[in-house]
Amino acid sequence: MTTLSTQKPSNPISRFFRWFFYRSRGDSPFKTILIHAALIIACVIAVYPVLRVVTISLRPNDTLLTTDLRIIPENATLDNYKEVLFGSPEKNRKSDFFLWIWNSISIVAVTSVISVILASISAYAFSRFKFPGRSAGLVFLLTTQMIPAGMLLLPLFIMIAKLKMINTPLGLLIAYAVTAVPLTIWTLKGYYDTIPVDLEEAALIDGANRFTVFTNIILPLSTPALAIAFLFSFMGGWSEYLVARVVLQKNESFTWPLGIFTYAQQFTVSWGQFAAASVLIAIPVMALFLYSSKWLISGLTLGSVKG
Amino acid sequence: MENENTFRRYLPTVLWIAALTAVYFTLNTLISPYADGITLNGKIVSEHVKELGGFLLGIFGSIALIEIYIYQMFFRTPKDLVSKIVTRTLQVIVAIAMVMVIATFLETTDLFRMGDNPIGNFFRSPITGFTNLKDTLISSGIATKDSATAVAGVFVSLLLLVVFAFIHFTSVPRNSRYGLAYLLILPAFLGVLFLIIYPFLFEIKLAFSNASLGTQATKNAQYGLQYGWANLVALFTGSVAKDAKFFEVLWRTILWTVINVTFHVAGGMGLAILLHRPMKLQGVYRTLLIFPWAIPATIAAMALRNEFDSRYGLFNILLGNLNTWLTNVSHGTASIIGIGNMFAWLAAHIGPVSWKQDPFWAFVSILISNIWLGIPFMSVIILGGLQSISQEYYEAAEIDGASKWQQFRNITIPLLRPVLTPAIVLGVVWTFNKFDIIYLITQGGPQEKTDILVSSMYKAAFSFYRYGFTAMFALVIFAILFLFTIFYLRITGGLKSATE
């Protein structure tokens, strides 16, 4: 290694090759180019299908079916967006878009609030106290992650039907809480474990009780984790389709995944409107996701990586 | 000075409120010309808010009452013998009432039937009493039909609070070792009990029944070991949904899981290694690469389904273009060099594919979709793991003359294990259960040749209404996953650190 780098070839061409393909420190330019090329290809694969949805949404209705691969189509128009948002008086069709969004947001937000409140309290106990049944409880929570999404769906469905909650937001809320609560406990427990116990012990010596410790030390310190947990359970229910399809059967109680699916099921498939609705929904969600991805990622590894 | 501080403190809030009001009014003026085309209106919103808010209040109110009850069990002790007797009596009465309410709830949801006898009526009495209270409230004009439940609930809670207050004032505090922990766990425990354990028990019961559409779900269903046996036999010998057989679907599920997880881990590892170095544009790449993860899965699945269209889908357009190019080359440049035959052979074999009709290509299409969707997640996890490995290990290895491959094999992989093990276990379990992509793209077709176990189960329940059969099916799937996880954890010894 040392001999190679100290010898200087006299020939300028071989010197160029040496510089291009071999460097003792860091990546050689050749390698850098290869890496960038690979990453650019990967990025294109990751992004292009998403951009195609935008393309379809911009197409005028008469050229929906085309083998064109351009991102901005010819005669691009916003008609699809207008129809999705405000309905079309010509076709005598009203727009359910805002209704779907409202249904989704209200159901998923309430689910997340419930699961974060329940979990923030009990995760603290799992993280800080030793009591009979603790490890059994933790293993049980992990086991619930193994339950197939559709597995408890049947008993839940019958239960929801018996409680006369079909077609109501409450029914779906119950079904979503099944997966949200254990996952949130698990995430938050992982985060509480990283908060030093010394802080609490100091406060306890100073005369605080457990409740003040929890509200004044633990909760403020774990605000980011609470936000992550909220976001996780929100994301979990936000674009859920299969459970919603079973629980909600009336058009006015639909959440948006069911809603946009109706565009594909109508007698004439309205891909343009489907795509426009998708873009309208995906943009805020993706913006939020990309913005918060850093914290999301740290939240994912919390439970698993310790020390 | 004081004034300025107050001003400063409230300025952001005021600005936020102003901004939100401005946004609201702008939206309002923008939307109002079209408002009659929109079905959402204030009435629907207020109804929802009432329903969900009432639900939240009910949940947290009942949890609070139960918490107080348990708190008094752990942390209060009666002063003297008389209060002790009264306190314990009250507590036992409340406990019995709770048991009776739960029993009635279980009966309503058909877990078991108490029958129309005195004992059953006795157990139903709290709920019957509650209904009667509601009726009285409505007939006496204190509450309307909508608010009756709320008013009656407040009434019962007040009664309970009086009981609790009595217990509180006739008792002295005492210490409890585990009390606080149990109090903290209680809300989530109740949630899990209601949401997971109860449905699970119900499922076990359903598995031993002949419940189906014909029996009106559980209404006229019969239960017994022979029905469970029949369900089990039907599962392993008959068709699981319409055509497909159990072992065929199981094999496909394993294939689906193995291929997906392998590609996710390999692709994620590749991307993570590429990204894990100081370089320009790293932030841009990272943002773009997690696009498939960021886009809502339903939208992605629907969009991809569109791309697998035989004529207008992206994949067939690309394959068609490739085919044309290969044909042209085989006639042009390549024939001059003398490898025209090779290109002609390629052109004959590479071309548009019928993604929807051919079972093999339908399976490939869902694999492509799910791999595309899953790689970003893995790469992000692995990148996080890579960044937690200290650079010093590699420097030391470099000095000792280890090659890049040896470094990867002996430093990266072992140190990634704490991240990889749970990621792979969860990845396997999630993929095994993940059928929304399948359902949205191929709906299991053609002829259920792309169904996996969970999607067959979903169909058996909600397309063919074979409830008892589905419950047994679900238990079998659960058993398979459970065995896998135990087996895997035994081998790797992973996840132990997480529960300690």
# chains A, B, ... in the order shown; residues from 1 in each chain; ligands from 1

call {"tool": "select_by_dssp", "arguments": {"residues": "region 65-267 of chain A", "states": "helix (DSSP H, G or I)", "output": "JSON, numbers by chain"}}
result
{"A": [79, 80, 81, 82, 83, 84, 85, 86, 97, 98, 99, 100, 101, 102, 103, 104, 105, 106, 107, 108, 109, 110, 111, 112, 113, 114, 115, 116, 117, 118, 119, 120, 121, 122, 123, 124, 125, 126, 127, 128, 134, 135, 136, 137, 138, 139, 140, 141, 142, 143, 144, 153, 154, 155, 156, 157, 158, 159, 160, 161, 162, 169, 170, 171, 172, 173, 174, 175, 176, 177, 178, 179, 180, 181, 182, 183, 184, 185, 186, 187, 188, 189, 190, 191, 192, 193, 194, 197, 198, 199, 200, 201, 202, 203, 204, 205, 210, 211, 212, 213, 214, 215, 216, 217, 218, 219, 220, 221, 223, 224, 225, 226, 227, 228, 229, 230, 231, 232, 233, 234, 235, 236, 237, 238, 242, 243, 244, 245, 246, 247, 251, 252, 253, 256, 257, 258, 259, 260, 261, 262, 263, 264, 265]}

call {"tool": "residues_around", "arguments": {"residues": "Leu481 (chain B)", "least_positions_apart": "5", "cutoff": "12 Å", "atoms": "only C-alpha atoms", "output": "ChimeraX atom specification"}}
result
/A:143-148,151 /B:250,253-254,257,425-426,428-433,453-454,474-476,486-488

call {"tool": "closest_residue", "arguments": {"among": "A:Ala225, A:Val53, A:Asp198, A:Ile205", "to": "Ser278 (chain A)", "atoms": "only C-alpha atoms"}}
result
A:Val53

call {"tool": "select_by_dssp", "arguments": {"residues": "region 28-262 of chain B", "states": "strand (DSSP E)", "output": "ChimeraX atom specification"}}
result
/B:76-78,171-173

call {"tool": "residues_around", "arguments": {"residues": "region 252-264 of chain A", "least_positions_apart": "3", "cutoff": "7 Å", "atoms": "only C-alpha atoms", "output": "number ranges by chain"}}
result
A: 100-101, 103-104, 167-168, 239-241, 245, 248, 269-271, 273-274, 277; B: 298

call {"tool": "residues_around", "arguments": {"residues": "Tyr69 (chain B)", "least_positions_apart": "4", "cutoff": "10 Å", "atoms": "only C-alpha atoms", "output": "NGL selection string"}}
result
:B and (63-65 or 73-74 or 91 or 94-95 or 160-161 or 163-164 or 167)

call {"tool": "write_last_selection", "arguments": {"atoms": "C-alpha atoms", "output": "PDB file, in the first residue's frame"}}
result
ATOM      1  CA  ILE B  63     -61.308   4.565  33.661  1.00  0.00           C
ATOM      2  CA  ALA B  64     -61.053   7.329  36.266  1.00  0.00           C
ATOM      3  CA  LEU B  65     -63.763   5.710  38.393  1.00  0.00           C
ATOM      4  CA  MET B  73     -58.046  -0.913  47.612  1.00  0.00           C
ATOM      5  CA  PHE B  74     -54.300  -0.401  47.598  1.00  0.00           C
ATOM      6  CA  GLN B  91     -66.403  -2.355  47.759  1.00  0.00           C
ATOM      7  CA  VAL B  94     -69.260  -2.236  43.503  1.00  0.00           C
ATOM      8  CA  ALA B  95     -67.156  -5.226  42.428  1.00  0.00           C
ATOM      9  CA  LEU B 160     -70.136   6.093  42.856  1.00  0.00           C
ATOM     10  CA  LEU B 161     -68.234   9.237  43.790  1.00  0.00           C
ATOM     11  CA  VAL B 163     -69.419   5.980  47.835  1.00  0.00           C
ATOM     12  CA  PHE B 164     -65.746   6.670  47.181  1.00  0.00           C
ATOM     13  CA  ILE B 167     -64.613   5.375  51.956  1.00  0.00           C
TER      14      ILE B 167
END

call {"tool": "residues_around", "arguments": {"residues": "Val247 (chain A)", "least_positions_apart": "5", "cutoff": "7 Å", "atoms": "only C-alpha atoms", "output": "list in words"}}
result
Phe157, Ile166, Asn167, Gly171 and Leu172 of chain A

call {"tool": "closest_residue", "arguments": {"among": "A:Ala287, A:Leu280, A:Leu138, A:Val47", "to": "Phe97 (chain A)", "atoms": "only C-alpha atoms"}}
result
A:Leu280

call {"tool": "residues_around", "arguments": {"residues": "Asn231 (chain B)", "least_positions_apart": "5", "cutoff": "12 Å", "atoms": "only C-alpha atoms", "output": "PyMOL selection string"}}
result
chain B and resi 206-212+223-226+236-240+466-476

call {"tool": "closest_residue", "arguments": {"among": "A:Leu99, A:Ile71, A:Ala244, A:Val197", "to": "chain B", "atoms": "only C-alpha atoms"}}
result
A:Leu99

call {"tool": "residues_around", "arguments": {"residues": "Ile35 (chain A)", "least_positions_apart": "4", "cutoff": "10 Å", "atoms": "only C-alpha atoms", "output": "ChimeraX atom specification"}}
result
/A:27,29-31,39-41 /B:271,273-275,279

call {"tool": "closest_residue", "arguments": {"among": "B:Trp361, B:Phe122, B:Phe202, B:Trp355", "to": "chain A", "atoms": "only C-alpha atoms"}}
result
B:Phe202

call {"tool": "atom_distance", "arguments": {"atom1": "CA of Val139 (chain A)", "atom2": "CA of Leu188 (chain A)"}}
result
15.3 Å

call {"tool": "closest_residue", "arguments": {"among": "B:Ile70, B:Ala230, B:Val192, B:Ala241", "to": "Ser176 (chain B)", "atoms": "only C-alpha atoms"}}
result
B:Ile70
